[in-house]
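Trainee: One file is attached below, target_19.txt, containing compact mmCIF, C-alpha atoms and all ligand atoms.
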# COMPACT_ATOMS: atom_id res chain seq x y z
CA MET A 21 22.64 -37.27 12.88
CA ALA A 22 19.23 -37.37 14.55
CA GLU A 23 16.47 -38.95 12.47
CA LEU A 24 13.76 -36.43 11.67
CA THR A 25 10.03 -37.08 11.69
CA ALA A 26 7.94 -36.01 8.71
CA MET A 27 6.89 -32.89 10.62
CA GLU A 28 10.43 -32.01 11.66
CA SER A 29 11.69 -32.45 8.12
CA LYS A 30 8.85 -30.30 6.77
CA LEU A 31 9.65 -27.57 9.30
CA GLY A 32 13.22 -27.61 8.01
CA GLU A 33 11.92 -27.20 4.49
CA VAL A 34 9.68 -24.21 5.28
CA LEU A 35 12.54 -22.56 7.15
CA GLY A 36 14.84 -23.11 4.16
CA LEU A 37 12.21 -21.69 1.81
CA ALA A 38 11.86 -18.58 4.00
CA GLN A 39 15.63 -18.13 3.79
CA ALA A 40 15.64 -18.71 0.02
CA ALA A 41 12.77 -16.19 -0.35
CA GLN A 42 15.10 -13.50 1.00
CA VAL A 43 17.75 -14.35 -1.60
CA ALA A 44 15.11 -14.41 -4.37
CA THR A 45 13.46 -11.12 -3.40
CA ASP A 46 16.88 -9.43 -3.20
CA LYS A 47 17.69 -10.69 -6.70
CA VAL A 48 14.30 -9.97 -8.31
CA GLY A 49 14.01 -6.54 -6.65
CA LYS A 50 17.06 -5.49 -8.68
CA LEU A 51 15.53 -6.70 -11.97
CA VAL A 52 12.29 -4.71 -11.59
CA GLU A 53 11.88 -1.01 -12.41
CA ASP A 54 8.21 -0.44 -11.46
CA GLU A 55 8.36 1.28 -8.07
CA SER A 56 5.13 -0.14 -6.66
CA VAL A 57 6.21 -3.68 -7.58
CA VAL A 58 9.65 -3.06 -6.04
CA ALA A 59 7.89 -1.93 -2.82
CA THR A 60 5.80 -5.12 -2.84
CA ILE A 61 8.91 -7.26 -3.29
CA GLN A 62 10.58 -5.44 -0.40
CA ARG A 63 7.58 -6.25 1.81
CA LEU A 64 7.75 -9.93 0.78
CA HIS A 65 11.41 -9.85 1.75
CA ASP A 66 10.75 -8.31 5.16
CA GLU A 67 7.92 -10.71 5.91
CA SER A 68 10.06 -13.71 4.98
CA VAL A 69 12.61 -12.49 7.54
CA LYS A 70 9.80 -12.56 10.11
CA VAL A 71 8.73 -16.07 9.04
CA GLU A 72 12.35 -17.23 9.31
CA GLU A 73 12.61 -15.77 12.83
CA MET A 74 9.34 -17.32 14.00
CA SER A 75 10.24 -20.72 12.53
CA THR A 76 13.71 -20.62 14.06
CA GLU A 77 12.19 -19.78 17.44
CA LEU A 78 9.82 -22.76 17.19
CA ILE A 79 12.64 -25.13 16.26
CA GLY A 80 14.62 -23.86 19.25
CA SER A 81 11.80 -24.77 21.66
CA ASP A 82 11.88 -27.75 24.04
CA THR A 83 9.66 -29.76 21.67
CA PHE A 84 12.62 -30.17 19.31
CA THR A 85 15.39 -30.81 21.83
CA GLY A 86 18.11 -32.90 20.19
CA LYS A 87 16.65 -32.30 16.71
CA LYS A 88 17.46 -28.64 16.16
CA THR A 89 20.76 -29.19 14.34
CA ALA A 90 19.28 -31.76 11.97
CA ILE A 91 16.30 -29.50 11.20
CA LEU A 92 18.67 -26.60 10.47
CA ASP A 93 20.64 -28.93 8.16
CA GLN A 94 17.41 -29.72 6.31
CA ALA A 95 16.73 -25.98 6.04
CA ARG A 96 20.19 -25.38 4.59
CA GLU A 97 19.70 -28.14 2.02
CA THR A 98 16.30 -26.78 0.95
CA LYS A 99 17.63 -23.23 0.74
CA GLY A 100 20.49 -24.47 -1.45
CA GLU A 101 18.17 -26.35 -3.79
CA ALA A 102 15.76 -23.41 -4.12
CA THR A 103 18.62 -21.00 -4.77
CA GLU A 104 20.05 -23.33 -7.45
CA MET A 105 16.62 -23.40 -9.11
CA MET A 106 16.59 -19.62 -9.09
CA LYS A 107 20.00 -19.43 -10.75
CA THR A 108 18.86 -21.89 -13.41
CA TYR A 109 15.64 -19.99 -14.06
CA LEU A 110 17.09 -16.47 -13.93
CA GLY A 111 20.05 -16.40 -16.28
CA ASP A 112 22.07 -13.33 -17.18
CA ASP A 113 19.39 -12.07 -19.58
CA ALA A 114 16.50 -12.30 -17.06
CA ASP A 115 14.21 -9.29 -16.86
CA GLY A 116 11.72 -8.13 -14.23
CA LEU A 117 8.88 -10.23 -15.59
CA ASP A 118 11.09 -13.35 -15.55
CA GLY A 119 11.86 -12.48 -11.94
CA LEU A 120 8.18 -12.18 -11.02
CA GLU A 121 7.45 -15.50 -12.72
CA PHE A 122 10.08 -17.13 -10.56
CA LEU A 123 8.78 -15.43 -7.41
CA THR A 124 5.25 -16.66 -8.22
CA MET A 125 6.58 -20.24 -8.30
CA ALA A 126 8.56 -19.68 -5.11
CA GLU A 127 5.57 -18.24 -3.25
CA ALA A 128 3.36 -21.10 -4.48
CA ALA A 129 5.93 -23.51 -3.05
CA GLU A 130 5.96 -21.71 0.28
CA MET A 131 2.17 -21.62 0.45
CA GLY A 132 1.93 -25.33 -0.40
CA HIS A 133 4.57 -26.37 2.12
CA TRP A 134 2.96 -24.36 4.92
CA LYS A 135 -0.45 -25.86 4.18
CA ILE A 136 1.18 -29.31 4.44
CA VAL A 137 2.66 -28.38 7.84
CA GLU A 138 -0.82 -27.27 8.89
CA LYS A 139 -2.34 -30.56 7.66
CA LEU A 140 0.33 -32.72 9.36
CA ASN A 141 -0.37 -30.85 12.58
CA GLU A 142 -4.05 -31.81 12.53
CA GLN A 143 -2.94 -35.17 13.95
CA LEU A 144 -0.18 -33.83 16.21
CA ALA A 145 -2.27 -30.92 17.52
CA ASP A 146 0.87 -29.11 18.67
CA ARG A 147 -0.21 -25.69 19.96
CA ASP A 148 3.00 -23.88 19.06
CA ILE A 149 2.93 -25.22 15.50
CA LYS A 150 -0.74 -24.28 15.21
CA GLU A 151 -0.03 -20.76 16.39
CA LEU A 152 2.65 -20.47 13.72
CA THR A 153 0.58 -21.92 10.85
CA ASP A 154 -2.43 -19.76 11.84
CA TYR A 155 -0.19 -16.77 11.20
CA VAL A 156 1.92 -17.96 8.27
CA VAL A 157 -0.57 -19.86 6.05
CA PRO A 158 -2.75 -16.76 5.37
CA LEU A 159 0.43 -14.68 4.97
CA GLU A 160 1.80 -17.05 2.30
CA GLU A 161 -1.58 -17.15 0.55
CA ALA A 162 -1.39 -13.35 0.40
CA HIS A 163 2.22 -13.54 -0.85
CA PHE A 164 1.25 -15.85 -3.68
CA LYS A 165 -1.71 -13.66 -4.65
CA VAL A 166 0.21 -10.37 -4.64
CA THR A 167 3.14 -11.91 -6.53
CA LEU A 168 0.85 -13.17 -9.26
CA GLU A 169 -0.87 -9.76 -9.41
CA SER A 170 2.51 -8.02 -9.62
CA SER A 171 3.59 -10.26 -12.48
CA LEU A 172 0.42 -9.21 -14.33
CA VAL A 173 1.18 -5.52 -13.65
CA LEU A 174 4.53 -6.03 -15.41
CA ALA A 175 2.95 -8.14 -18.17
CA ALA A 176 0.52 -5.30 -18.90
CA GLN A 177 3.54 -3.02 -19.49
CA GLU A 178 5.06 -5.41 -22.04
CA ASP A 179 4.75 -4.89 -25.77
CA PRO A 180 3.56 -8.30 -27.04
CA ASN A 181 5.08 -7.54 -30.47
CA ALA A 182 8.51 -6.61 -29.14
CA PRO A 183 11.35 -9.09 -29.72
CA ALA A 184 11.70 -11.44 -26.72
FE FE B 1 6.37 -15.89 1.04
What does this structure look like when you write it as structure tokens?
Ligand SMILES: [Fe+2]
Mentor:
Amino acid sequence: MAELTAMESKLGEVLGLAQAAQVATDKVGKLVEDESVVATIQRLHDESVKVEEMSTELIGSDTFTGKKTAILDQARETKGEATEMMKTYLGDDADGLDGLEFLTMAEAAEMGHWKIVEKLNEQLADRDIKELTDYVVPLEEAHFKVTLESSLVLAAQEDPNAPA
């Protein structure tokens, strides 16, 4: 197995998180009834497909010759860990608000990881990575913001006196 650099390993992680985001948005979309929130979750899903595609394309470029398989292995591991976390957090009795709480954590993780990729690339100054982070970092910031806002939309619909 090829040894990965810190950047290569981090690219595997963000790819795995983009894959896990699709699993999470599929799951949480089914827990939510509010139509506008469901539409938001669908958009998060579709945009994470785009992020996965763009990341996969980068990893397939000449820069990562000989490393692609190991980066994809890292992605698979990260996706597995994130999906396990989701299953732990969202048990059988999870409702829409529980789902949005989990998505808020997941989007915060994506945003944080992408900002780290961006920071690591300040030293590498790789143009392809910069092009990707210029697109994805603001996108993940927006994902985190809209997910938090959506969780508050659902919280506002809760009866605070109702049994939990
Ligand atoms: Fe996201």
Trainee: Once you count only C-alpha atoms and all ligand atoms, which residues end up within 7 Å of ligand FE 1 (chain B), and could you hand them over as a ChimeraX atom specification?
Mentor: /A:38,41,64,68,127,130,160,163-164
Trainee: Counting only C-alpha atoms, note down every residue that has an atom within 8 Å of the point (16.3, -25.3, 6.8) (file coordinates), as a list of chain:residue names.
Mentor: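 Counting only C-alpha atoms, I find these residues within 8 Å of (16.3, -25.3, 6.8): A:Leu31, A:Gly32, A:Glu33, A:Val34, A:Leu35, A:Gly36, A:Leu37, A:Gln39, A:Ile91, A:Leu92, A:Asp93, A:Gln94, A:Ala95, A:Arg96, A:Glu97, A:Thr98, A:Lys99.
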Trainee: Would you save the residues of that selection, restricted to C-alpha atoms, as a tab-separated table (two decimals), in the coordinates of the input?
Mentor:
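After the write, out24.tsv holds the following:
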chain	number	residue	atom	x	y	z
A	31	LEU	CA	9.65	-27.57	9.30
A	32	GLY	CA	13.22	-27.61	8.01
A	33	GLU	CA	11.92	-27.20	4.49
A	34	VAL	CA	9.68	-24.21	5.28
A	35	LEU	CA	12.54	-22.56	7.15
A	36	GLY	CA	14.84	-23.11	4.16
A	37	LEU	CA	12.21	-21.69	1.81
A	39	GLN	CA	15.63	-18.13	3.79
A	91	ILE	CA	16.30	-29.50	11.20
A	92	LEU	CA	18.67	-26.60	10.47
A	93	ASP	CA	20.64	-28.93	8.16
A	94	GLN	CA	17.41	-29.72	6.31
A	95	ALA	CA	16.73	-25.98	6.04
A	96	ARG	CA	20.19	-25.38	4.59
A	97	GLU	CA	19.70	-28.14	2.02
A	98	THR	CA	16.30	-26.78	0.95
A	99	LYS	CA	17.63	-23.23	0.74
Trainee: Return the single residue from A:His65, A:Glu23, A:Asp148, A:Ala114 that is closest to Asp82 (chain A), with distances computed using all atoms listed in the file.
Mentor: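 Checking each candidate against Asp82 (chain A), we get A:Asp148 as the closest.
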Trainee: Given all atoms listed in the file as the basis, pick out the residue of A:Asn141, A:Leu174, A:Val71, A:Met125 nearest to Leu51 (chain A).
Mentor: A:Leu174
Trainee: Would you mind telling me which residue in A:Met27, A:Val156, A:Ala182, A:Glu161 lies nearest to Ile79 (chain A) when using all atoms listed in the file?
Mentor: A:Met27
Trainee: What is the CA of Ala126 (chain A)-CA of Ile61 (chain A) distance in Å, reported with one decimal?
Mentor: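 Distance between the two atoms: 12.6 Å.
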Trainee: Suppose you want the space between CA of Met105 (chain A) and CA of Leu120 (chain A); what is it in Å?
Mentor: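 Straight-line distance from CA of Met105 (chain A) to CA of Leu120 (chain A) works out to 14.2 Å.
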Trainee: Find, counting only C-alpha atoms, the residue in A:Phe122, A:Tyr155, A:Trp134, A:Phe84 that gets nearest to Lys70 (chain A).
Mentor: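 With only C-alpha atoms as the atom set, the closest residue is A:Tyr155.
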